[in-house]
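A short write-up of the structure that comes next.
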Amino acid sequence: EALRQRIKDQGLDDVLLRVQQALSPEGVVGAYERTAGGERRIHVAAQILRDVAEGRRVVDHEVVHVLRDIGVITDDEWTSLIVLSARQDHPVTGESFFVKAQRLYGDTPQAKRYGRLATIEEEAVADMYSIYRQQPARFATDEPGRSILDRMVRFLQAIIDTFRGTPAQVNPVAVMRRIGSGEVGARPRPAEGRGYYGSGTYQSGGINQTPQSRGDFRARMDPNARLIGTTDQPGA
């Protein structure tokens with residue numbers, strides 16, 4: 001299973017993949033769930049399996065939720081990703097990833113339940129990462145819009161910070177690259193994660209999904225669903 005391997009390659013050997021005929025509410029094509037027993041699952045709608053690129057996009061989106069939940073993305077790394085999501089435009093809608101997330105998630109039940117800003121930030125980063133994995137060339141090595149002079153100033157500031165013993169600014173593109181390589185997912189896991197919810201679910205929809213179709217995710221327990229991962233298929 002290619003999607004299961006994609007999850008594993010990002011350092012998440014213990015995360016299961018559940019393929020279902022449909023997810024609810026209508027239009028949702030992916031979701032991340034941590035069960036009360038601590039099992040972690042990525043749910044995907046069967047329809048996305050017909051489109052390889054869409055399947056990868058959905059899985060990559062959910063991977064960010066998993067990583068955030070298990071707490072392996074540092075605070076500095078997370079802040080850098082949020083800042084980039086507010087500056088980088090979505091290739092389809094033309095708005096920033098942050099603005100897009102605000103439009104789709106700002107008034108949903110999950111935002112009211114888990115906190116509006118935290119929800120928007122996490123969804124923006126997840127969306128951005130999923131596009132980065134498909135189109136890395138769209139993301140400059142440095143932050144977008146920086147002139148040569150700006151980069152020189154930032155370089156000198158990094159040197160000063162090194163002598164002062166303070167960390168240099170984190171490069172968000174490098175962070176996404178480390179996530180994709182599996183380096184971040186393989187880090188030791190702290191006792192408490194940093195995600196915007198406790199035991200519950202995240203959801204992701206199609207690339208142009210409307211706000212009306214967003215709500216608290218509920219997976220329809222499809223008796224024919226395939227659950228793929230280490231619990232059901234050791235060594236998969």
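By order in the structure tokens, chains are A, B, ...; within a chain, residues start at 1; ligands start at 1, following the order shown.
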
With a distance cut-off of 7 Å and only C-alpha atoms, select the neighbouring residues of range 90-101 of chain A, excluding the residue or stretch itself and same-chain residues fewer than 5 positions from it, and output the selection as an mmCIF file with all heavy atoms, in the first residue's frame.
data_model
loop_
_atom_site.group_PDB
_atom_site.id
_atom_site.type_symbol
_atom_site.label_atom_id
_atom_site.label_comp_id
_atom_site.auth_asym_id
_atom_site.auth_seq_id
_atom_site.Cartn_x
_atom_site.Cartn_y
_atom_site.Cartn_z
ATOM 1 N N SER A 85 3.137 30.225 6.436
ATOM 2 C CA SER A 85 1.784 29.973 5.931
ATOM 3 C C SER A 85 1.002 31.264 5.720
ATOM 4 O O SER A 85 0.078 31.308 4.901
ATOM 5 C CB SER A 85 1.014 29.055 6.892
ATOM 6 O OG SER A 85 0.562 29.747 8.042
ATOM 7 N N ILE A 120 -6.913 27.242 13.107
ATOM 8 C CA ILE A 120 -6.528 27.873 11.843
ATOM 9 C C ILE A 120 -5.042 27.672 11.581
ATOM 10 O O ILE A 120 -4.629 27.315 10.466
ATOM 11 C CB ILE A 120 -6.872 29.374 11.861
ATOM 12 C CG1 ILE A 120 -8.404 29.565 11.855
ATOM 13 C CG2 ILE A 120 -6.235 30.098 10.669
ATOM 14 C CD1 ILE A 120 -8.828 30.991 12.131
ATOM 15 N N GLU A 121 -4.220 27.889 12.585
ATOM 16 C CA GLU A 121 -2.776 27.745 12.419
ATOM 17 C C GLU A 121 -2.402 26.332 11.985
ATOM 18 O O GLU A 121 -1.624 26.131 11.042
ATOM 19 C CB GLU A 121 -2.058 28.095 13.721
ATOM 20 C CG GLU A 121 -2.102 29.576 14.062
ATOM 21 C CD GLU A 121 -1.512 29.874 15.413
ATOM 22 O OE1 GLU A 121 -1.357 28.939 16.235
ATOM 23 O OE2 GLU A 121 -1.206 31.057 15.677
ATOM 24 N N GLU A 123 -4.283 23.943 10.630
ATOM 25 C CA GLU A 123 -4.805 23.585 9.314
ATOM 26 C C GLU A 123 -4.028 24.293 8.204
ATOM 27 O O GLU A 123 -3.808 23.734 7.132
ATOM 28 C CB GLU A 123 -6.296 23.904 9.231
ATOM 29 C CG GLU A 123 -7.178 23.079 10.157
ATOM 30 C CD GLU A 123 -7.169 21.599 9.832
ATOM 31 O OE1 GLU A 123 -6.725 21.217 8.732
ATOM 32 O OE2 GLU A 123 -7.606 20.816 10.689
ATOM 33 N N ALA A 124 -3.618 25.527 8.454
ATOM 34 C CA ALA A 124 -2.836 26.270 7.459
ATOM 35 C C ALA A 124 -1.499 25.586 7.203
ATOM 36 O O ALA A 124 -1.072 25.421 6.053
ATOM 37 C CB ALA A 124 -2.620 27.710 7.924
ATOM 38 N N ASP A 127 -2.023 22.215 5.357
ATOM 39 C CA ASP A 127 -2.322 22.456 3.947
ATOM 40 C C ASP A 127 -1.057 22.844 3.193
ATOM 41 O O ASP A 127 -0.768 22.342 2.096
ATOM 42 C CB ASP A 127 -3.381 23.557 3.851
ATOM 43 C CG ASP A 127 -3.965 23.714 2.451
ATOM 44 O OD1 ASP A 127 -3.803 22.790 1.625
ATOM 45 O OD2 ASP A 127 -4.595 24.749 2.185
ATOM 46 N N MET A 128 -0.281 23.745 3.789
ATOM 47 C CA MET A 128 0.947 24.214 3.154
ATOM 48 C C MET A 128 1.935 23.068 2.954
ATOM 49 O O MET A 128 2.526 22.927 1.869
ATOM 50 C CB MET A 128 1.589 25.313 4.007
ATOM 51 C CG MET A 128 2.903 25.846 3.449
ATOM 52 S SD MET A 128 3.568 27.205 4.439
ATOM 53 C CE MET A 128 4.036 26.346 5.948
#

Can you tell me which residues surround range 3-12 of chain A at a distance of at most 7 Å, considering only C-alpha atoms, apart from same-chain residues fewer than 3 positions away, and format the answer as a short mmCIF file (atom, residue, chain, number, x, y, z; two decimals) with all heavy atoms, in the first residue's frame?
data_model
loop_
_atom_site.label_atom_id
_atom_site.label_comp_id
_atom_site.auth_asym_id
_atom_site.auth_seq_id
_atom_site.Cartn_x
_atom_site.Cartn_y
_atom_site.Cartn_z
N VAL A 15 1.45 4.51 13.00
CA VAL A 15 0.18 5.13 12.62
C VAL A 15 -0.53 4.25 11.59
O VAL A 15 0.05 3.86 10.58
CB VAL A 15 0.40 6.55 12.04
CG1 VAL A 15 -0.91 7.15 11.54
CG2 VAL A 15 1.03 7.45 13.10
N LEU A 17 -3.53 3.26 8.79
CA LEU A 17 -4.27 3.89 7.70
C LEU A 17 -5.59 3.16 7.50
O LEU A 17 -5.60 1.95 7.27
CB LEU A 17 -3.45 3.85 6.40
CG LEU A 17 -4.15 4.41 5.16
CD1 LEU A 17 -4.36 5.92 5.28
CD2 LEU A 17 -3.35 4.09 3.89
N ARG A 56 -1.80 11.34 -2.00
CA ARG A 56 -0.59 11.78 -1.31
C ARG A 56 -0.81 13.09 -0.58
O ARG A 56 -0.33 13.28 0.54
CB ARG A 56 0.54 11.94 -2.32
CG ARG A 56 1.05 10.63 -2.91
CD ARG A 56 2.03 10.87 -4.02
NE ARG A 56 2.58 9.64 -4.56
CZ ARG A 56 3.33 9.56 -5.64
NH1 ARG A 56 3.64 10.68 -6.30
NH2 ARG A 56 3.79 8.40 -6.06
N ILE A 179 10.61 17.06 7.80
CA ILE A 179 9.39 16.27 8.01
C ILE A 179 9.26 15.22 6.92
O ILE A 179 9.00 14.04 7.19
CB ILE A 179 8.15 17.18 8.03
CG1 ILE A 179 8.17 18.08 9.27
CG2 ILE A 179 6.87 16.34 8.01
CD1 ILE A 179 7.05 19.12 9.28
N GLY A 180 9.46 15.62 5.68
CA GLY A 180 9.33 14.71 4.56
C GLY A 180 10.34 13.57 4.58
O GLY A 180 10.05 12.46 4.13
N SER A 181 11.52 13.84 5.14
CA SER A 181 12.57 12.82 5.19
C SER A 181 12.34 11.81 6.31
O SER A 181 13.00 10.77 6.35
CB SER A 181 13.94 13.48 5.40
OG SER A 181 14.06 13.98 6.72
N GLY A 182 11.42 12.12 7.23
CA GLY A 182 11.17 11.24 8.36
C GLY A 182 11.96 11.59 9.60
O GLY A 182 11.78 10.99 10.66
N GLU A 183 12.83 12.60 9.49
CA GLU A 183 13.67 12.98 10.63
C GLU A 183 12.83 13.46 11.80
O GLU A 183 13.08 13.09 12.96
CB GLU A 183 14.65 14.08 10.20
CG GLU A 183 15.51 14.61 11.33
CD GLU A 183 16.34 15.82 10.93
OE1 GLU A 183 16.68 15.93 9.73
OE2 GLU A 183 16.65 16.65 11.79
N GLY A 185 9.54 12.91 12.44
CA GLY A 185 8.69 11.84 12.98
C GLY A 185 9.44 10.83 13.80
O GLY A 185 8.86 10.17 14.67
N ALA A 186 10.75 10.68 13.56
CA ALA A 186 11.55 9.69 14.28
C ALA A 186 12.11 10.23 15.59
O ALA A 186 12.77 9.49 16.33
CB ALA A 186 12.71 9.23 13.39
N ILE A 228 -5.00 -0.43 7.68
CA ILE A 228 -3.67 -0.84 7.24
C ILE A 228 -2.64 -0.28 8.19
O ILE A 228 -2.60 0.92 8.46
CB ILE A 228 -3.39 -0.32 5.81
CG1 ILE A 228 -4.49 -0.81 4.86
CG2 ILE A 228 -2.02 -0.76 5.33
CD1 ILE A 228 -4.44 -0.16 3.51
#

Original post:
Which one is closest to Glu54 in chain A: A:Ala2, A:Ile42, A:Leu23, A:Val29? Count only C-alpha atoms.
Top reply: A:Val29

Subject >> Residue contacts of Thr79 in chain A (12 Å, only C-alpha atoms) excluding same-chain residues fewer than 4 positions away, as a list of chain:residue names >> reply: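 Listing them by chain and then by number gives A:Ile73, A:Thr74, A:Asp75, A:Val83, A:Leu84, A:Ser85, A:Ala86, A:Ala118, A:Glu121, A:Glu122, A:Val125, A:Gln169, A:Val170, A:Asn171, A:Pro172, A:Val175.
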
With N, CA, C and O atoms kept, could you save the residues just selected as a PDB file, in the first residue's frame?
ATOM      1  N   ILE A  73       7.410  18.347  16.754  1.00  0.00           N
ATOM      2  CA  ILE A  73       7.793  19.600  16.096  1.00  0.00           C
ATOM      3  C   ILE A  73       8.056  20.622  17.200  1.00  0.00           C
ATOM      4  O   ILE A  73       7.195  20.863  18.045  1.00  0.00           O
ATOM      5  N   THR A  74       9.244  21.219  17.215  1.00  0.00           N
ATOM      6  CA  THR A  74       9.581  22.152  18.289  1.00  0.00           C
ATOM      7  C   THR A  74       8.772  23.437  18.162  1.00  0.00           C
ATOM      8  O   THR A  74       8.226  23.750  17.093  1.00  0.00           O
ATOM      9  N   ASP A  75       8.729  24.197  19.228  1.00  0.00           N
ATOM     10  CA  ASP A  75       7.992  25.461  19.212  1.00  0.00           C
ATOM     11  C   ASP A  75       8.567  26.429  18.184  1.00  0.00           C
ATOM     12  O   ASP A  75       7.817  27.118  17.479  1.00  0.00           O
ATOM     13  N   VAL A  83       4.343  31.379  10.365  1.00  0.00           N
ATOM     14  CA  VAL A  83       4.702  32.642   9.697  1.00  0.00           C
ATOM     15  C   VAL A  83       4.737  32.442   8.188  1.00  0.00           C
ATOM     16  O   VAL A  83       4.198  33.260   7.420  1.00  0.00           O
ATOM     17  N   LEU A  84       5.340  31.363   7.729  1.00  0.00           N
ATOM     18  CA  LEU A  84       5.410  31.113   6.291  1.00  0.00           C
ATOM     19  C   LEU A  84       4.022  30.895   5.701  1.00  0.00           C
ATOM     20  O   LEU A  84       3.732  31.355   4.595  1.00  0.00           O
ATOM     21  N   SER A  85       3.137  30.225   6.436  1.00  0.00           N
ATOM     22  CA  SER A  85       1.784  29.973   5.931  1.00  0.00           C
ATOM     23  C   SER A  85       1.002  31.264   5.720  1.00  0.00           C
ATOM     24  O   SER A  85       0.078  31.308   4.901  1.00  0.00           O
ATOM     25  N   ALA A  86       1.367  32.304   6.452  1.00  0.00           N
ATOM     26  CA  ALA A  86       0.694  33.596   6.299  1.00  0.00           C
ATOM     27  C   ALA A  86       1.280  34.412   5.144  1.00  0.00           C
ATOM     28  O   ALA A  86       0.663  35.386   4.701  1.00  0.00           O
ATOM     29  N   ALA A 118      -5.738  28.370  17.159  1.00  0.00           N
ATOM     30  CA  ALA A 118      -4.955  27.131  17.108  1.00  0.00           C
ATOM     31  C   ALA A 118      -5.396  26.247  15.960  1.00  0.00           C
ATOM     32  O   ALA A 118      -4.575  25.623  15.277  1.00  0.00           O
ATOM     33  N   GLU A 121      -4.220  27.889  12.585  1.00  0.00           N
ATOM     34  CA  GLU A 121      -2.776  27.745  12.419  1.00  0.00           C
ATOM     35  C   GLU A 121      -2.402  26.332  11.985  1.00  0.00           C
ATOM     36  O   GLU A 121      -1.624  26.131  11.042  1.00  0.00           O
ATOM     37  N   GLU A 122      -2.961  25.360  12.663  1.00  0.00           N
ATOM     38  CA  GLU A 122      -2.582  23.977  12.360  1.00  0.00           C
ATOM     39  C   GLU A 122      -3.078  23.544  10.991  1.00  0.00           C
ATOM     40  O   GLU A 122      -2.360  22.863  10.246  1.00  0.00           O
ATOM     41  N   VAL A 125      -0.831  25.172   8.265  1.00  0.00           N
ATOM     42  CA  VAL A 125       0.460  24.513   8.129  1.00  0.00           C
ATOM     43  C   VAL A 125       0.303  23.157   7.449  1.00  0.00           C
ATOM     44  O   VAL A 125       1.096  22.785   6.574  1.00  0.00           O
ATOM     45  N   GLN A 169      17.119  32.139  13.569  1.00  0.00           N
ATOM     46  CA  GLN A 169      15.760  31.917  13.106  1.00  0.00           C
ATOM     47  C   GLN A 169      15.680  30.617  12.310  1.00  0.00           C
ATOM     48  O   GLN A 169      16.546  30.312  11.507  1.00  0.00           O
ATOM     49  N   VAL A 170      14.634  29.860  12.560  1.00  0.00           N
ATOM     50  CA  VAL A 170      14.457  28.567  11.906  1.00  0.00           C
ATOM     51  C   VAL A 170      13.963  28.768  10.479  1.00  0.00           C
ATOM     52  O   VAL A 170      13.093  29.593  10.217  1.00  0.00           O
ATOM     53  N   ASN A 171      14.518  28.026   9.549  1.00  0.00           N
ATOM     54  CA  ASN A 171      14.088  28.072   8.156  1.00  0.00           C
ATOM     55  C   ASN A 171      12.909  27.108   7.990  1.00  0.00           C
ATOM     56  O   ASN A 171      13.076  25.892   8.109  1.00  0.00           O
ATOM     57  N   PRO A 172      11.704  27.611   7.705  1.00  0.00           N
ATOM     58  CA  PRO A 172      10.529  26.745   7.624  1.00  0.00           C
ATOM     59  C   PRO A 172      10.574  25.741   6.480  1.00  0.00           C
ATOM     60  O   PRO A 172      10.020  24.645   6.600  1.00  0.00           O
ATOM     61  N   VAL A 175      12.460  22.890   7.667  1.00  0.00           N
ATOM     62  CA  VAL A 175      11.627  22.101   8.583  1.00  0.00           C
ATOM     63  C   VAL A 175      10.743  21.137   7.788  1.00  0.00           C
ATOM     64  O   VAL A 175      10.644  19.946   8.109  1.00  0.00           O
TER      65      VAL A 175
END

Do you have, as a tab-separated table, the list of residues of range 6-76 of chain A lying at most 9 Å from range 129-136 of chain A, each with its nearest atom pair and that distance in Å to one decimal, counting only C-alpha atoms and ordered by chain then number?
residue	atom	partner	partner_atom	distance
A:Ala53	CA	A:Gln134	CA	7.8
A:Arg56	CA	A:Ser130	CA	7.9
A:Arg57	CA	A:Ser130	CA	5.0
A:Val58	CA	A:Ser130	CA	7.2
A:Val59	CA	A:Ser130	CA	8.0
A:Asp60	CA	A:Ser130	CA	5.0
A:His61	CA	A:Ser130	CA	5.1
A:Glu62	CA	A:Ser130	CA	8.7
A:Val63	CA	A:Ser130	CA	9.0
A:Val64	CA	A:Tyr129	CA	7.6

Original post:
What is the distance between CA of Trp78 in chain A and CA of Val28 in chain A, in Å to one decimal?
Top reply: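 These two atoms are separated by 25.2 Å.
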
Original post:
Quick one: DSSP strand (DSSP E) residues in range 11-183 of chain A, as a list of chain:residue names?
Top reply: A:Leu16, A:Leu17, A:Arg18, A:Val19, A:Gln20, A:Leu23, A:Ser24, A:Val28, A:Val29, A:Gly30, A:Ala31, A:Tyr32, A:Glu33, A:Arg34, A:Arg40, A:Arg41, A:Ile42, A:His43, A:Val44, A:Ala45

**OP:** Give me, please, the distance in Å between CA of Pro188 in chain A and CA of Ala31 in chain A, quoted to one decimal.
**Re:**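 Separation of CA of Pro188 in chain A and CA of Ala31 in chain A: 24.0 Å.
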